[in-house]
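Okay, structure first, notes after.
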Amino acid sequence: MKALLHRHRELCERAVDPLEIAVGLEAHGVTDRTAARYRHRDVFSLAEELHARVPHNTERPSPEPRPLPVPRFRAGRLLLTLLPGALGAATVTGLRLAEGTPRLPVALGGLLAVALATRAALRHSPLAGPPGTRAGRTVSGTRAGRPTPGARAGRTTIGTRVGALGTLCTLWLLGYALLGDGLLHAVLTGGPAAPPTGAPEGPWPTATAPALALLLACAPAAWCAHLLAAAAHRGLTDSRTLRQFTAAMTPRLLGTYALFLAALAALCGTALHQPAAYPQALTLGALLLPARLLTVRHHRRAPARALGAAALVEALALALPTAGRLPGCAFLAAPVQTLVDVGGEAAVPVLACGIAALALLRHAGRTLTRASAHAPAGAPE
């Protein structure tokens, strides 16, 4: 117990109540099993003893607990989250009105505008996460509870690479939602013989409905992230144990997830006068939301792996039929052809994104319901 107290002395001295210590211990990887080794039933009970063992200065009154900052969703940020969907709708309208060669510059300009708007929306909305570094982050290579400079630099480099990988996989998944089904059909039928024209009836048709619905869903996703942050704030204020916080956050997380999927389904049905493509859009949206929620809370590895696995499956679905055209390699195309015969071209993204979404939601259920995942920046480590 003395070694544990020495390791987390700064945390215990700066904490104003046992819950704050429990949050910091949980962030450092201390679990109920660890607490059992110190003859305590859970982390909160261990935090209570550490809080009691810390010497207090009786000459000064103990500081009052600082209220956690209440998350706010400003009107300007709400309008910013509407911008990607508005620019996406304008691009689709421009492609429908354009004839001949103007289609290419309209498409490129629209994609650039949508990309910049989406980047701005993700950086200046609840989807950007709290400012600063999450408190209590567990790292390797620490000394007395503090990360060494080498560990901090290595963590930053790895985090940047993982974040870049997640971004590339997200772009691939969105691109596949727009062009993948048409390209897969062309590959399986001997093509593609021509590049995409942007027309639904072209030789390489584009599915603009799910892509546009996902762009329009930036606003509901930001609002859902705000609701989750507000629920976490209430939980950290009202809860007295880590288990109580987890029990309160689990239904709130699932409710937020269901609310976003309902909003996305409504947008799919009203986005365009095209087939709604509910399975493709819903499974991809179900994957992107928990990936973003985990990323803004500095949990990047699991989202990158889930997004990468889904992107890899879609890439293999396009590569295997192409490789199957080689002499003696027809067996490579058999799995993809069988899957398409059973469920159509849409079965590939639905299977890839659906399985990844379920795995990531399970991980989010274990991670985002922990108090340490919502600890405010600047909290004691």
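Lettering and numbering for the structure tokens are positional, with chains as A, B, ... in the shown order, residues counted from 1 in each chain, and ligands counted from 1 in the shown order.
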
* Quick one: residues within 10 Å of region 324-340 of chain A, only C-alpha atoms counted, chain neighbours fewer than 4 positions away excluded, as a VMD selection string? -> chain A and resid 184 to 185 188 190 316 to 320 344 to 348 351

* A:Leu216, A:Ala310, A:Ala207, A:Ala120: which is nearest Leu179 (chain A), counting only C-alpha atoms? ->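 Of the candidates, the smallest distance to Leu179 (chain A) is held by A:Ala207.
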
* Asked: Near Leu82 (chain A), counting only C-alpha atoms, which residues have an atom at most 12 Å away, once you skip same-chain residues fewer than 5 positions from it, shown as a ChimeraX atom specification?
  -> /A:75-77,87-89,114,117-118,120-122,125,212-223

* Those of region 228-350 of chain A in DSSP alpha helix (DSSP H), formatted as a PyMOL selection string -> chain A and resi 228-238+242-270+278-296+301-323+334-343+347-350

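CA of Leu168 (chain A) sits 23.2 Å away from CA of Pro205 (chain A).
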
* Within 7 Å of region 266-269 of chain A, counting only C-alpha atoms, which residues qualify if same-chain residues fewer than 5 places away don't, as number ranges by chain? -> A: 209-210, 213, 276, 278

Using only N, CA, C and O atoms, please write the residues we just selected to a file, as a PDB file, in the first residue's frame.
```pdb
ATOM      1  N   ALA A 209     -26.822   8.211 -52.881  1.00  0.00           N
ATOM      2  CA  ALA A 209     -27.739   8.297 -51.736  1.00  0.00           C
ATOM      3  C   ALA A 209     -27.056   7.964 -50.410  1.00  0.00           C
ATOM      4  O   ALA A 209     -27.161   8.748 -49.453  1.00  0.00           O
ATOM      5  N   PRO A 210     -26.369   6.815 -50.262  1.00  0.00           N
ATOM      6  CA  PRO A 210     -25.734   6.550 -48.958  1.00  0.00           C
ATOM      7  C   PRO A 210     -24.622   7.530 -48.628  1.00  0.00           C
ATOM      8  O   PRO A 210     -24.469   7.926 -47.459  1.00  0.00           O
ATOM      9  N   ALA A 213     -26.272  10.755 -47.532  1.00  0.00           N
ATOM     10  CA  ALA A 213     -26.901  10.580 -46.219  1.00  0.00           C
ATOM     11  C   ALA A 213     -25.862  10.627 -45.106  1.00  0.00           C
ATOM     12  O   ALA A 213     -26.100  11.206 -44.036  1.00  0.00           O
ATOM     13  N   ALA A 276     -32.714   3.842 -51.397  1.00  0.00           N
ATOM     14  CA  ALA A 276     -32.192   4.383 -50.141  1.00  0.00           C
ATOM     15  C   ALA A 276     -30.895   3.718 -49.704  1.00  0.00           C
ATOM     16  O   ALA A 276     -30.081   4.330 -49.020  1.00  0.00           O
ATOM     17  N   TYR A 278     -30.335   1.385 -47.469  1.00  0.00           N
ATOM     18  CA  TYR A 278     -30.273   1.387 -46.008  1.00  0.00           C
ATOM     19  C   TYR A 278     -29.157   0.495 -45.457  1.00  0.00           C
ATOM     20  O   TYR A 278     -28.427   0.913 -44.547  1.00  0.00           O
TER      21      TYR A 278
END
```

* Would you work out the distance separating CA of Pro349 (chain A) from CA of Cys169 (chain A), expressed in Å to one decimal? =>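 Those two atoms sit 13.2 Å apart.
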
* Atom pair CA of Thr206 (chain A) / CA of Leu183 (chain A): separation (Å) ->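 If I compute the distance from CA of Thr206 (chain A) to CA of Leu183 (chain A), I get 8.7 Å.
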
* **Shortest interatomic distance to Ala352 (chain A) - which of A:Leu307, A:Ala277, A:Leu174, A:Leu112, counting only C-alpha atoms** => A:Leu307

* Asked: Using only C-alpha atoms, which of A:Ala231, A:Val187, A:Leu253, A:Val92 sits nearest Leu108 (chain A)?
  ->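 Looking at the shortest contact to Leu108 (chain A), the residue is A:Val92.
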
* **Within 10 Å of Thr246 (chain A) using only C-alpha atoms, minus same-chain residues under 6 positions, as a PyMOL selection string** => chain A and resi 232+235+239+252+365-371

* To do: Can you work out which one of A:His124, A:Gly85, A:Thr208, A:Ala359 has the shortest atom-to-atom distance to Gly175 (chain A), counting only C-alpha atoms?
  => A:Thr208

* For Leu171 (chain A), list every protein, DNA or RNA residue within 12 Å, evaluated using only C-alpha atoms, and leave out those in the same chain fewer than 4 positions away; present the list as a ChimeraX atom specification. => /A:111,115,118-119,164-167,175-178,211,284,288,307-308,310-311

Generate a file of the selected residues that holds C-alpha atoms, formatted as a PDB file, in the first residue's frame.
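Saved to again.pdb:
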```
ATOM      1  CA  LEU A 111     -15.119  16.626 -53.432  1.00  0.00           C
ATOM      2  CA  ALA A 115     -13.486  17.350 -47.662  1.00  0.00           C
ATOM      3  CA  THR A 118     -15.941  17.838 -43.149  1.00  0.00           C
ATOM      4  CA  ARG A 119     -12.498  18.523 -41.718  1.00  0.00           C
ATOM      5  CA  ALA A 164      -3.500   8.828 -40.286  1.00  0.00           C
ATOM      6  CA  LEU A 165      -4.267   5.153 -40.915  1.00  0.00           C
ATOM      7  CA  GLY A 166      -7.772   5.592 -39.536  1.00  0.00           C
ATOM      8  CA  THR A 167      -8.333   8.637 -41.750  1.00  0.00           C
ATOM      9  CA  GLY A 175     -15.340   6.103 -51.459  1.00  0.00           C
ATOM     10  CA  TYR A 176     -16.527   2.514 -51.606  1.00  0.00           C
ATOM     11  CA  ALA A 177     -19.976   3.596 -50.451  1.00  0.00           C
ATOM     12  CA  LEU A 178     -20.054   5.962 -53.437  1.00  0.00           C
ATOM     13  CA  ALA A 211     -22.752   8.896 -49.362  1.00  0.00           C
ATOM     14  CA  LEU A 284     -21.097   2.191 -42.331  1.00  0.00           C
ATOM     15  CA  LEU A 288     -18.030   5.463 -38.083  1.00  0.00           C
ATOM     16  CA  LEU A 307     -11.762   0.599 -39.979  1.00  0.00           C
ATOM     17  CA  GLY A 308      -8.699  -1.088 -41.465  1.00  0.00           C
ATOM     18  CA  ALA A 310     -13.454  -3.313 -43.054  1.00  0.00           C
ATOM     19  CA  ALA A 311     -11.430  -1.516 -45.729  1.00  0.00           C
TER      20      ALA A 311
END
```
